[in-house]
>>> print(open('data_16.pdb').read())   # PDB, C-alpha atoms
ATOM      1  CA  MET M 467       0.000   0.000   0.000
ATOM      2  CA  SER M 468       1.026   3.595  -0.474
ATOM      3  CA  ILE M 469      -0.505   5.966   2.061
ATOM      4  CA  SER M 470       2.021   8.733   1.799
ATOM      5  CA  ASP M 471       3.767  11.195   4.068
ATOM      6  CA  ASN M 472       3.938  13.459   0.985
ATOM      7  CA  ASN M 473       7.551  12.586   0.216
ATOM      8  CA  GLN M 474       7.085  11.451  -3.375
ATOM      9  CA  GLU M 475       7.072  13.983  -6.175
ATOM     10  CA  ASP M 476       7.187  11.879  -9.313
ATOM     11  CA  HIS M 477       3.487  11.663 -10.110
ATOM     12  CA  VAL M 478       1.755  13.209 -13.074
ATOM     13  CA  PHE M 479      -1.963  13.092 -12.259
ATOM     14  CA  PHE M 480      -3.366  14.319  -8.964
ATOM     15  CA  ILE M 481      -7.085  14.070  -8.223
ATOM     16  CA  THR M 482      -9.014  15.590  -5.332
ATOM     17  CA  GLY M 483     -12.383  14.306  -4.168
ATOM     18  CA  ALA M 484     -11.500  10.794  -5.289
ATOM     19  CA  THR M 485     -13.727   9.185  -2.662
ATOM     20  CA  GLY M 486     -16.742  10.878  -4.286
ATOM     21  CA  ALA M 487     -18.778   9.465  -7.162
ATOM     22  CA  LEU M 488     -17.526  11.735  -9.965
ATOM     23  CA  ASN M 489     -13.789  11.858  -9.370
ATOM     24  CA  GLY M 490     -13.722   8.311  -8.017
ATOM     25  CA  ALA M 491     -14.987   7.146 -11.406
ATOM     26  CA  THR M 492     -12.453   9.435 -13.088
ATOM     27  CA  VAL M 493      -9.652   7.634 -11.246
ATOM     28  CA  GLU M 494     -10.982   4.309 -12.531
ATOM     29  CA  HIS M 495     -10.963   5.547 -16.123
ATOM     30  CA  LEU M 496      -7.503   7.038 -15.699
ATOM     31  CA  LEU M 497      -6.192   3.705 -14.396
ATOM     32  CA  ALA M 498      -7.199   2.161 -17.718
ATOM     33  CA  ARG M 499      -4.834   4.580 -19.468
ATOM     34  CA  VAL M 500      -1.827   5.175 -17.191
ATOM     35  CA  PRO M 501       0.041   3.151 -14.550
ATOM     36  CA  ALA M 502      -1.161   3.460 -10.975
ATOM     37  CA  ASP M 503       2.187   4.820  -9.822
ATOM     38  CA  ARG M 504       1.618   7.912 -11.969
ATOM     39  CA  ILE M 505      -1.565   8.789 -10.073
ATOM     40  CA  ALA M 506      -2.044  10.318  -6.642
ATOM     41  CA  VAL M 507      -5.221  11.312  -4.842
ATOM     42  CA  ALA M 508      -5.608  14.068  -2.258
ATOM     43  CA  VAL M 509      -8.481  13.361   0.119
ATOM     44  CA  ARG M 510      -9.833  14.596   3.446
ATOM     45  CA  ASP M 511     -10.189  11.063   4.858
ATOM     46  CA  VAL M 512      -7.149   8.950   4.067
ATOM     47  CA  ALA M 513      -8.749   5.804   5.489
ATOM     48  CA  ALA M 514     -11.664   6.070   3.044
ATOM     49  CA  ALA M 515      -9.152   6.049   0.169
ATOM     50  CA  ARG M 516      -7.457   2.823   1.268
ATOM     51  CA  PRO M 517      -8.822   0.880  -1.764
ATOM     52  CA  PHE M 518      -6.831   3.227  -4.009
ATOM     53  CA  ALA M 519      -3.683   2.702  -1.957
ATOM     54  CA  GLU M 520      -4.102  -1.059  -2.228
ATOM     55  CA  ARG M 521      -3.992  -0.694  -6.020
ATOM     56  CA  GLY M 522      -0.729   1.258  -6.013
ATOM     57  CA  ILE M 523      -2.104   4.812  -6.075
ATOM     58  CA  GLU M 524      -0.479   7.214  -3.656
ATOM     59  CA  VAL M 525      -2.927   8.650  -1.139
ATOM     60  CA  ARG M 526      -2.235  12.043   0.413
ATOM     61  CA  HIS M 527      -4.149  14.064   2.962
ATOM     62  CA  GLY M 528      -5.502  17.327   1.571
ATOM     63  CA  ASP M 529      -8.460  19.376   2.745
ATOM     64  CA  TYR M 530      -9.632  22.652   1.184
ATOM     65  CA  ALA M 531     -10.681  23.771   4.676
ATOM     66  CA  ASP M 532      -7.126  23.177   5.978
ATOM     67  CA  PRO M 533      -4.901  25.410   3.846
ATOM     68  CA  SER M 534      -1.703  24.130   5.435
ATOM     69  CA  SER M 535      -2.395  20.609   4.143
ATOM     70  CA  LEU M 536      -2.635  21.510   0.480
ATOM     71  CA  PRO M 537       0.794  22.590  -0.856
ATOM     72  CA  ALA M 538       2.367  19.306   0.267
ATOM     73  CA  ALA M 539      -0.659  17.357  -0.974
ATOM     74  CA  PHE M 540      -0.253  18.883  -4.447
ATOM     75  CA  ALA M 541       3.561  18.726  -4.637
ATOM     76  CA  GLY M 542       4.811  17.198  -7.879
ATOM     77  CA  ALA M 543       1.496  17.469  -9.720
ATOM     78  CA  GLU M 544       1.783  18.029 -13.432
ATOM     79  CA  GLN M 545      -2.002  17.901 -13.769
ATOM     80  CA  LEU M 546      -4.319  18.496 -10.823
ATOM     81  CA  LEU M 547      -8.048  17.818 -11.003
ATOM     82  CA  LEU M 548      -9.853  19.981  -8.438
ATOM     83  CA  VAL M 549     -13.372  18.896  -7.596
ATOM     84  CA  SER M 550     -15.719  21.722  -6.683
ATOM     85  CA  SER M 551     -16.937  21.921  -3.100
ATOM     86  CA  SER M 552     -20.252  20.155  -2.521
ATOM     87  CA  ASP M 553     -20.896  21.518   0.984
ATOM     88  CA  PRO M 554     -23.960  23.781   0.736
ATOM     89  CA  ARG M 555     -23.034  25.460   4.034
ATOM     90  CA  ALA M 556     -19.503  26.394   2.963
ATOM     91  CA  ASP M 557     -18.140  29.429   1.142
ATOM     92  CA  ALA M 558     -17.268  27.438  -1.964
ATOM     93  CA  VAL M 559     -15.377  30.235  -3.701
ATOM     94  CA  ALA M 560     -13.173  30.791  -0.640
ATOM     95  CA  LEU M 561     -12.390  27.066  -0.489
ATOM     96  CA  HIS M 562     -11.574  27.005  -4.190
ATOM     97  CA  ARG M 563      -9.360  30.080  -3.792
ATOM     98  CA  THR M 564      -7.420  28.262  -1.073
ATOM     99  CA  ALA M 565      -6.899  25.259  -3.340
ATOM    100  CA  ILE M 566      -5.820  27.374  -6.304
ATOM    101  CA  GLU M 567      -3.371  29.360  -4.192
ATOM    102  CA  ALA M 568      -1.908  26.082  -2.911
ATOM    103  CA  ALA M 569      -1.552  24.866  -6.495
ATOM    104  CA  VAL M 570       0.431  28.008  -7.306
ATOM    105  CA  THR M 571       2.636  27.454  -4.243
ATOM    106  CA  ALA M 572       3.187  23.806  -5.182
ATOM    107  CA  GLY M 573       4.131  24.670  -8.767
ATOM    108  CA  VAL M 574       1.355  22.612 -10.340
ATOM    109  CA  GLY M 575       1.636  22.376 -14.120
ATOM    110  CA  ARG M 576      -2.082  22.570 -14.915
ATOM    111  CA  VAL M 577      -5.278  22.762 -12.899
ATOM    112  CA  LEU M 578      -8.470  21.185 -14.183
ATOM    113  CA  TYR M 579     -11.641  22.178 -12.361
ATOM    114  CA  THR M 580     -15.050  20.495 -12.299
ATOM    115  CA  SER M 581     -17.328  23.394 -13.197
ATOM    116  CA  HIS M 582     -20.898  23.435 -14.509
ATOM    117  CA  GLN M 583     -22.654  24.329 -17.704
ATOM    118  CA  GLY M 584     -24.223  27.762 -17.475
ATOM    119  CA  ALA M 585     -21.616  29.134 -15.060
ATOM    120  CA  ALA M 586     -22.457  32.828 -14.938
ATOM    121  CA  PRO M 587     -22.647  35.626 -12.378
ATOM    122  CA  ALA M 588     -26.353  36.240 -13.051
ATOM    123  CA  SER M 589     -27.611  32.653 -12.860
ATOM    124  CA  PRO M 590     -30.452  31.930 -10.403
ATOM    125  CA  PHE M 591     -28.601  28.684  -9.618
ATOM    126  CA  SER M 592     -26.079  29.607  -6.910
ATOM    127  CA  PRO M 593     -23.427  26.957  -7.755
ATOM    128  CA  ALA M 594     -23.259  28.443 -11.253
ATOM    129  CA  ARG M 595     -22.246  31.774  -9.744
ATOM    130  CA  ASP M 596     -19.597  30.051  -7.625
ATOM    131  CA  HIS M 597     -18.234  28.192 -10.645
ATOM    132  CA  PHE M 598     -17.956  31.400 -12.648
ATOM    133  CA  ALA M 599     -16.110  33.116  -9.793
ATOM    134  CA  THR M 600     -13.740  30.144  -9.500
ATOM    135  CA  GLU M 601     -13.006  30.261 -13.221
ATOM    136  CA  GLN M 602     -12.035  33.903 -12.795
ATOM    137  CA  LEU M 603      -9.665  32.909  -9.986
ATOM    138  CA  LEU M 604      -8.076  30.340 -12.290
ATOM    139  CA  ALA M 605      -7.747  32.869 -15.104
ATOM    140  CA  ASP M 606      -6.004  35.283 -12.747
ATOM    141  CA  SER M 607      -3.759  32.668 -11.108
ATOM    142  CA  GLY M 608      -1.040  32.469 -13.738
ATOM    143  CA  LEU M 609      -1.524  28.717 -13.937
ATOM    144  CA  ALA M 610      -2.419  26.765 -17.034
ATOM    145  CA  TRP M 611      -6.036  25.765 -16.470
ATOM    146  CA  THR M 612      -9.000  23.938 -17.922
ATOM    147  CA  SER M 613     -12.569  24.238 -16.701
ATOM    148  CA  LEU M 614     -14.826  21.247 -17.276
ATOM    149  CA  ARG M 615     -18.298  22.784 -17.567
ATOM    150  CA  ASN M 616     -20.322  19.631 -17.021
ATOM    151  CA  GLY M 617     -23.905  19.324 -18.171
ATOM    152  CA  PHE M 618     -26.526  18.886 -15.471
ATOM    153  CA  TYR M 619     -26.316  15.378 -13.998
ATOM    154  CA  ALA M 620     -29.069  13.303 -15.583
ATOM    155  CA  HIS M 621     -29.538  11.084 -12.531
ATOM    156  CA  THR M 622     -30.930  14.056 -10.577
ATOM    157  CA  LEU M 623     -34.058  13.855 -12.725
ATOM    158  CA  GLY M 624     -35.215  11.072 -10.430
ATOM    159  CA  TRP M 625     -35.674  13.348  -7.446
ATOM    160  CA  LEU M 626     -36.702  16.417  -9.451
ATOM    161  CA  LEU M 627     -39.671  14.490 -10.863
ATOM    162  CA  GLY M 628     -40.956  13.560  -7.417
ATOM    163  CA  SER M 629     -43.957  11.218  -7.160
ATOM    164  CA  TRP M 630     -44.817  11.089 -10.867
ATOM    165  CA  ARG M 631     -45.169   7.293 -10.721
ATOM    166  CA  GLU M 632     -48.079   7.512  -8.291
ATOM    167  CA  THR M 633     -49.722  10.696  -9.580
ATOM    168  CA  GLY M 634     -49.010  10.691 -13.314
ATOM    169  CA  ARG M 635     -47.771  14.279 -13.037
ATOM    170  CA  PHE M 636     -44.899  16.348 -11.785
ATOM    171  CA  GLU M 637     -44.675  20.020 -10.946
ATOM    172  CA  VAL M 638     -41.900  22.478 -11.782
ATOM    173  CA  PRO M 639     -41.461  26.153 -10.890
ATOM    174  CA  ALA M 640     -40.501  26.996 -14.486
ATOM    175  CA  ASP M 641     -39.689  25.157 -17.700
ATOM    176  CA  GLY M 642     -36.797  25.356 -20.093
ATOM    177  CA  PRO M 643     -34.212  23.220 -21.892
ATOM    178  CA  VAL M 644     -31.591  21.299 -19.911
ATOM    179  CA  SER M 645     -28.771  19.273 -21.448
ATOM    180  CA  TRP M 646     -29.083  16.421 -18.948
ATOM    181  CA  THR M 647     -25.782  14.529 -19.042
ATOM    182  CA  SER M 648     -24.604  11.224 -17.608
ATOM    183  CA  ARG M 649     -22.216  11.578 -14.669
ATOM    184  CA  ALA M 650     -20.508   8.383 -15.797
ATOM    185  CA  ASP M 651     -19.811   9.921 -19.209
ATOM    186  CA  LEU M 652     -18.459  13.078 -17.574
ATOM    187  CA  ALA M 653     -16.105  11.073 -15.349
ATOM    188  CA  GLU M 654     -14.718   9.283 -18.387
ATOM    189  CA  ALA M 655     -14.310  12.567 -20.238
ATOM    190  CA  ALA M 656     -12.377  14.078 -17.332
ATOM    191  CA  ALA M 657      -9.915  11.185 -17.470
ATOM    192  CA  LEU M 658      -9.511  11.654 -21.212
ATOM    193  CA  VAL M 659      -8.824  15.378 -20.811
ATOM    194  CA  LEU M 660      -6.337  14.677 -18.018
ATOM    195  CA  ALA M 661      -4.513  12.168 -20.191
ATOM    196  CA  SER M 662      -4.476  14.496 -23.215
ATOM    197  CA  ASP M 663      -1.215  16.197 -22.169
ATOM    198  CA  GLY M 664      -2.649  19.701 -22.018
ATOM    199  CA  ALA M 665      -4.456  19.532 -25.349
ATOM    200  CA  HIS M 666      -7.510  21.318 -23.943
ATOM    201  CA  GLU M 667      -7.288  24.891 -22.678
ATOM    202  CA  GLY M 668      -9.707  27.172 -20.878
ATOM    203  CA  VAL M 669     -13.425  26.495 -20.743
ATOM    204  CA  LEU M 670     -14.750  23.186 -22.092
ATOM    205  CA  THR M 671     -18.489  22.496 -22.277
ATOM    206  CA  LEU M 672     -19.299  18.810 -21.842
ATOM    207  CA  THR M 673     -22.921  17.916 -22.507
ATOM    208  CA  ALA M 674     -25.179  15.291 -23.969
ATOM    209  CA  GLY M 675     -26.406  15.874 -27.490
ATOM    210  CA  ALA M 676     -29.829  17.341 -26.701
ATOM    211  CA  ALA M 677     -31.443  19.710 -24.217
ATOM    212  CA  PRO M 678     -35.077  18.674 -23.670
ATOM    213  CA  THR M 679     -37.523  20.777 -21.708
ATOM    214  CA  PHE M 680     -39.505  19.366 -18.780
ATOM    215  CA  GLU M 681     -42.455  19.189 -21.167
ATOM    216  CA  ASP M 682     -40.287  16.979 -23.400
ATOM    217  CA  VAL M 683     -39.408  14.869 -20.355
ATOM    218  CA  ALA M 684     -43.126  14.364 -19.640
ATOM    219  CA  ALA M 685     -43.674  13.245 -23.232
ATOM    220  CA  LEU M 686     -40.803  10.768 -23.000
ATOM    221  CA  LEU M 687     -42.127   9.379 -19.716
ATOM    222  CA  THR M 688     -45.576   9.023 -21.286
ATOM    223  CA  GLU M 689     -44.072   7.001 -24.116
ATOM    224  CA  LEU M 690     -41.771   4.888 -21.968
ATOM    225  CA  ALA M 691     -44.209   4.203 -19.122
ATOM    226  CA  GLY M 692     -47.151   3.588 -21.469
ATOM    227  CA  ARG M 693     -49.458   5.931 -19.581
ATOM    228  CA  PRO M 694     -49.995   9.697 -19.520
ATOM    229  CA  VAL M 695     -47.533  11.803 -17.534
ATOM    230  CA  GLU M 696     -48.185  15.534 -17.255
ATOM    231  CA  ARG M 697     -45.801  18.400 -16.575
ATOM    232  CA  VAL M 698     -47.399  21.251 -14.596
ATOM    233  CA  VAL M 699     -45.789  24.673 -14.117
ATOM    234  CA  VAL M 700     -46.968  26.100 -10.799
ATOM    235  CA  GLY M 701     -44.657  29.104 -10.388
ATOM    236  CA  PRO M 702     -41.699  29.366  -8.004
ATOM    237  CA  GLU M 703     -43.389  30.603  -4.826
ATOM    238  CA  ALA M 704     -46.281  28.164  -5.102
ATOM    239  CA  TRP M 705     -43.839  25.349  -5.799
ATOM    240  CA  VAL M 706     -41.653  26.211  -2.794
ATOM    241  CA  ALA M 707     -44.731  26.496  -0.572
ATOM    242  CA  GLY M 708     -45.879  23.050  -1.688
ATOM    243  CA  GLN M 709     -42.495  21.522  -0.936
ATOM    244  CA  VAL M 710     -42.353  23.125   2.498
ATOM    245  CA  ALA M 711     -45.877  21.890   3.259
ATOM    246  CA  ALA M 712     -44.677  18.400   2.342
ATOM    247  CA  GLY M 713     -41.889  18.642   4.911
ATOM    248  CA  GLN M 714     -38.898  19.861   2.895
ATOM    249  CA  PRO M 715     -36.783  22.652   4.458
ATOM    250  CA  GLU M 716     -37.414  25.963   2.727
ATOM    251  CA  GLY M 717     -33.741  26.497   1.890
ATOM    252  CA  ALA M 718     -33.534  23.124   0.160
ATOM    253  CA  ALA M 719     -36.780  23.795  -1.703
ATOM    254  CA  ARG M 720     -35.549  27.166  -2.959
ATOM    255  CA  PHE M 721     -32.261  25.623  -4.062
ATOM    256  CA  THR M 722     -34.111  22.978  -6.076
ATOM    257  CA  ALA M 723     -36.448  25.600  -7.518
ATOM    258  CA  SER M 724     -33.426  27.558  -8.736
ATOM    259  CA  ILE M 725     -32.572  24.689 -11.092
ATOM    260  CA  SER M 726     -35.852  25.107 -12.959
ATOM    261  CA  LEU M 727     -35.610  28.902 -12.836
ATOM    262  CA  ALA M 728     -32.150  28.806 -14.392
ATOM    263  CA  ALA M 729     -33.465  26.383 -17.022
ATOM    264  CA  GLY M 730     -36.316  28.769 -17.747
ATOM    265  CA  GLU M 731     -33.794  31.535 -18.405
ATOM    266  CA  GLY M 732     -31.803  29.339 -20.786
ATOM    267  CA  PHE M 733     -28.673  28.798 -18.675
ATOM    268  CA  PHE M 734     -28.634  25.020 -19.327
ATOM    269  CA  ALA M 735     -29.823  25.114 -22.933
ATOM    270  CA  GLY M 736     -26.620  24.772 -24.912
ATOM    271  CA  THR M 737     -25.193  21.525 -26.214
ATOM    272  CA  ASP M 738     -21.693  20.833 -27.442
ATOM    273  CA  PRO M 739     -20.247  17.945 -29.511
ATOM    274  CA  LEU M 740     -17.019  17.843 -27.497
ATOM    275  CA  LEU M 741     -18.185  15.151 -25.064
ATOM    276  CA  ALA M 742     -19.105  12.834 -27.937
ATOM    277  CA  ASP M 743     -15.781  13.600 -29.626
ATOM    278  CA  LEU M 744     -13.842  12.733 -26.474
ATOM    279  CA  LEU M 745     -15.777   9.536 -25.815
ATOM    280  CA  GLY M 746     -15.760   8.410 -29.440
ATOM    281  CA  ARG M 747     -19.454   7.621 -29.156
ATOM    282  CA  ALA M 748     -22.773   9.291 -28.459
ATOM    283  CA  PRO M 749     -23.198  10.207 -24.781
ATOM    284  CA  ARG M 750     -26.061   8.680 -22.835
ATOM    285  CA  SER M 751     -29.302  10.492 -23.515
ATOM    286  CA  VAL M 752     -32.253  11.594 -21.398
ATOM    287  CA  ARG M 753     -34.185   8.698 -22.935
ATOM    288  CA  ASP M 754     -31.545   6.324 -21.565
ATOM    289  CA  GLU M 755     -31.927   7.825 -18.084
ATOM    290  CA  LEU M 756     -35.716   7.873 -18.166
ATOM    291  CA  SER M 757     -35.890   4.298 -19.436
ATOM    292  CA  GLY M 758     -34.597   3.150 -16.077
ATOM    293  CA  LEU M 759     -37.082   5.301 -14.174
ATOM    294  CA  ALA M 760     -39.964   4.105 -16.316
ATOM    295  CA  ALA M 761     -38.954   0.473 -15.882
ATOM    296  CA  VAL M 762     -39.131   0.882 -12.101
ATOM    297  CA  ALA M 763     -42.575   2.444 -12.487
ATOM    298  CA  ALA M 764     -43.939  -0.295 -14.737
TER     299      ALA M 764
END
>>> encode(input="data_16.pdb", output="structure tokens")
Amino acid sequence: MSISDNNQEDHVFFITGATGALNGATVEHLLARVPADRIAVAVRDVAAARPFAERGIEVRHGDYADPSSLPAAFAGAEQLLLVSSSDPRADAVALHRTAIEAAVTAGVGRVLYTSHQGAAPASPFSPARDHFATEQLLADSGLAWTSLRNGFYAHTLGWLLGSWRETGRFEVPADGPVSWTSRADLAEAAALVLASDGAHEGVLTLTAGAAPTFEDVAALLTELAGRPVERVVVGPEAWVAGQVAAGQPEGAARFTASISLAAGEGFFAGTDPLLADLLGRAPRSVRDELSGLAAVAA
């Protein structure tokens, strides 16, 4: 095993957040392309990363909330994949600033950052504002950088659609196109970009090939489930009130509502062929995702 005291500096690929679903899958795809001894992971909980160590990957302790841990955790990185903070209570931009400053101190060759499609300062979706601010930090850092603007995770449709199986309907605060994209495809793409030896610069948009509206989603569910499914727009305040009445915390309800509001303003509408080009195949589609949901409902 290789749980490190940060004394090795001969690695190429460093990945944060490797015990999470996205970057954990990225490590798996990277292992198919490069030897394990060229990969290191920087994680908050070293014990949770033991399976990586058992496969020859160096495991280092690194925590965005502990600035002193990061320069040593990133030492020797030619390419560093920074996962965005997923803590809704944290100041994500401040945490990302800490990580970027540590990358500068450590002399990292290139930083790749897991951003989000529609990153913009005016988005109703708060993570999109954080991603945009982080991209500005990268642009100002002096480092070579690549931002992976991932399409909205398609698997989140399951909880956004609520109890459609029982009711034959789902409610949204607003409607608009969303390029729902498979997280598994995005993890593979991240590994391909990492292994591309700096071939991709700046902002990359990684999406599925289509951006259906929620009305389109209802039509697909109707077809796949073999029974009518209706999309109902109830407006943001009425939608939030309904969620709160059902027991959801208001903050969580407003966060979820912001997804639909951003969709309604077109922030998730664009599609890009780059993901298909990287994968060498068509990405998974919304139909693929909904097929699984409809099968459960049958």
>>> residues_near_point(input="data_16.pdb", point="(-5.7, 8.7, 2.7)", cutoff="7 Å", atoms="all atoms listed in the file", output="JSON, numbers by chain")
{"M": [469, 509, 511, 512, 513, 514, 515, 516, 525, 526, 527]}
>>> residues_around(input="data_16.pdb", residues="Ala565 in chain M", least_positions_apart="2", cutoff="8 Å", atoms="all atoms listed in the file", output="PyMOL selection string")
chain M and resi 530+533+536+548+561-563+567-569
>>> write_last_selection(input="data_16.pdb", atoms="C-alpha atoms", output="mmCIF file, keeping the file's coordinate frame")
data_model
loop_
_atom_site.group_PDB
_atom_site.id
_atom_site.type_symbol
_atom_site.label_atom_id
_atom_site.label_comp_id
_atom_site.auth_asym_id
_atom_site.auth_seq_id
_atom_site.Cartn_x
_atom_site.Cartn_y
_atom_site.Cartn_z
ATOM 1 C CA TYR M 530 -9.632 22.652 1.184
ATOM 2 C CA PRO M 533 -4.901 25.410 3.846
ATOM 3 C CA LEU M 536 -2.635 21.510 0.480
ATOM 4 C CA LEU M 548 -9.853 19.981 -8.438
ATOM 5 C CA LEU M 561 -12.390 27.066 -0.489
ATOM 6 C CA HIS M 562 -11.574 27.005 -4.190
ATOM 7 C CA ARG M 563 -9.360 30.080 -3.792
ATOM 8 C CA GLU M 567 -3.371 29.360 -4.192
ATOM 9 C CA ALA M 568 -1.908 26.082 -2.911
ATOM 10 C CA ALA M 569 -1.552 24.866 -6.495
#
>>> atom_distance(input="data_16.pdb", atom1="CA of Leu488 in chain M", atom2="CA of Ala650 in chain M")
7.4 Å
>>> resolve_selection(input="data_16.pdb", expression="the PyMOL selection byres ((chain M and resi 692) around 12)", output="list in words")
Arg631, Gly634, Ala684, Ala685, Leu686, Leu687, Thr688, Glu689, Leu690, Ala691, Arg693, Pro694, Val695, Ser757, Ala760, Ala761, Ala763 and Ala764 of chain M
>>> residues_near_point(input="data_16.pdb", point="(-14.1, 10.6, -28.4)", cutoff="12 Å", atoms="all atoms listed in the file", output="list in words")
Asp651, Leu652, Glu654, Ala655, Ala656, Ala657, Leu658, Val659, Ser662, Leu672, Pro739, Leu740, Leu741, Ala742, Asp743, Leu744, Leu745, Gly746, Arg747, Ala748 and Pro749 of chain M
>>> atom_distance(input="data_16.pdb", atom1="CA of Ser648 in chain M", atom2="CA of Leu604 in chain M")
25.8 Å
>>> resolve_selection(input="data_16.pdb", expression="the PyMOL selection byres ((chain M and resi 641) around 7)", output="compact mmCIF listing (two decimals) with C-alpha atoms, in the frame of the given file")
# COMPACT_ATOMS: atom_id res chain seq x y z
CA VAL M 638 -41.90 22.48 -11.78
CA ALA M 640 -40.50 27.00 -14.49
CA GLY M 642 -36.80 25.36 -20.09
CA THR M 679 -37.52 20.78 -21.71
CA PHE M 680 -39.51 19.37 -18.78
CA SER M 726 -35.85 25.11 -12.96
CA ALA M 729 -33.47 26.38 -17.02
CA GLY M 730 -36.32 28.77 -17.75
>>> resolve_selection(input="data_16.pdb", expression="the PyMOL selection byres ((chain M and resi 643) around 12)", output="ChimeraX atom specification")
/M:584,617-618,640-642,644-646,676-683,725-737,752
>>> atom_distance(input="data_16.pdb", atom1="CA of Leu660 in chain M", atom2="CA of Glu601 in chain M")
17.6 Å
>>> axis_aligned_box(input="data_16.pdb", around="range 710-728 of chain M", padding_each_side="4 Å", output="lines of an AutoDock Vina configuration file")
center_x = -39.0
center_y = 23.7
center_z = -4.7
size_x = 21.7
size_y = 18.5
size_z = 27.3
>>> closest_residue(input="data_16.pdb", among="M:Val706, M:Val698, M:Arg720, M:Ala653", to="Arg635 in chain M", atoms="all atoms listed in the file")
M:Val698
>>> closest_residue(input="data_16.pdb", among="M:Val669, M:Ala558, M:Leu623, M:Val700", to="Arg753 in chain M", atoms="all atoms listed in the file")
M:Leu623
>>> residues_around(input="data_16.pdb", residues="Ser613 in chain M", least_positions_apart="3", cutoff="7 Å", atoms="all atoms listed in the file", output="short mmCIF file (atom, residue, chain, number, x, y, z; two decimals) with C-alpha atoms, in the frame of the given file")
data_model
loop_
_atom_site.label_atom_id
_atom_site.label_comp_id
_atom_site.auth_asym_id
_atom_site.auth_seq_id
_atom_site.Cartn_x
_atom_site.Cartn_y
_atom_site.Cartn_z
CA LEU M 578 -8.47 21.18 -14.18
CA TYR M 579 -11.64 22.18 -12.36
CA THR M 580 -15.05 20.50 -12.30
CA SER M 581 -17.33 23.39 -13.20
CA GLU M 601 -13.01 30.26 -13.22
CA GLY M 668 -9.71 27.17 -20.88
CA VAL M 669 -13.42 26.50 -20.74
CA LEU M 670 -14.75 23.19 -22.09
#
>>> closest_atom_pairs(input="data_16.pdb", of="range 612-672 of chain M", to="range 708-712 of chain M", cutoff="12 Å", atoms="only C-alpha atoms", output="JSON lines")
{"residue": "M:Leu626", "atom": "CA", "partner": "M:Gln709", "partner_atom": "CA", "distance": 11.5}
{"residue": "M:Gly628", "atom": "CA", "partner": "M:Gln709", "partner_atom": "CA", "distance": 10.4}
{"residue": "M:Ser629", "atom": "CA", "partner": "M:Ala712", "partner_atom": "CA", "distance": 11.9}
{"residue": "M:Glu637", "atom": "CA", "partner": "M:Gly708", "partner_atom": "CA", "distance": 9.8}
{"residue": "M:Val638", "atom": "CA", "partner": "M:Gly708", "partner_atom": "CA", "distance": 10.9}
{"residue": "M:Pro639", "atom": "CA", "partner": "M:Gly708", "partner_atom": "CA", "distance": 10.7}
>>> write_last_selection(input="data_16.pdb", atoms="C-alpha atoms", output="tab-separated table (two decimals), in the frame of the given file")
chain	number	residue	atom	x	y	z
M	626	LEU	CA	-36.70	16.42	-9.45
M	628	GLY	CA	-40.96	13.56	-7.42
M	629	SER	CA	-43.96	11.22	-7.16
M	637	GLU	CA	-44.68	20.02	-10.95
M	638	VAL	CA	-41.90	22.48	-11.78
M	639	PRO	CA	-41.46	26.15	-10.89
>>> closest_residue(input="data_16.pdb", among="M:Leu547, M:Ala508, M:Ala665, M:Ala719", to="Val577 in chain M", atoms="only C-alpha atoms")
M:Leu547
>>> residues_around(input="data_16.pdb", residues="Thr647 in chain M", least_positions_apart="4", cutoff="7 Å", atoms="only C-alpha atoms", output="list in words")
Gly617, Phe618, Tyr619, Ala620, Thr673, Ala674, Arg750 and Ser751 of chain M
>>> build_atoms(input="data_16.pdb", residues="range 480-489 of chain M", atoms="N, CA and C atoms", output="tab-separated table (two decimals), in the frame of the given file")
chain	number	residue	atom	x	y	z
M	480	PHE	N	-2.88	14.21	-10.33
M	480	PHE	CA	-3.37	14.32	-8.96
M	480	PHE	C	-4.86	14.62	-9.02
M	481	ILE	N	-5.63	13.93	-8.19
M	481	ILE	CA	-7.08	14.07	-8.22
M	481	ILE	C	-7.60	14.29	-6.81
M	482	THR	N	-8.36	15.35	-6.61
M	482	THR	CA	-9.01	15.59	-5.33
M	482	THR	C	-10.42	14.98	-5.38
M	483	GLY	N	-11.01	14.82	-4.22
M	483	GLY	CA	-12.38	14.31	-4.17
M	483	GLY	C	-12.53	12.90	-4.71
M	484	ALA	N	-11.48	12.11	-4.65
M	484	ALA	CA	-11.50	10.79	-5.29
M	484	ALA	C	-12.38	9.79	-4.57
M	485	THR	N	-12.80	10.08	-3.34
M	485	THR	CA	-13.73	9.18	-2.66
M	485	THR	C	-15.18	9.51	-3.00
M	486	GLY	N	-15.40	10.55	-3.81
M	486	GLY	CA	-16.74	10.88	-4.29
M	486	GLY	C	-17.06	10.16	-5.58
M	487	ALA	N	-18.32	10.23	-6.00
M	487	ALA	CA	-18.78	9.46	-7.16
M	487	ALA	C	-18.12	9.92	-8.46
M	488	LEU	N	-18.04	11.24	-8.69
M	488	LEU	CA	-17.53	11.74	-9.96
M	488	LEU	C	-16.04	11.47	-10.11
M	489	ASN	N	-15.24	12.00	-9.21
M	489	ASN	CA	-13.79	11.86	-9.37
M	489	ASN	C	-13.30	10.46	-9.02
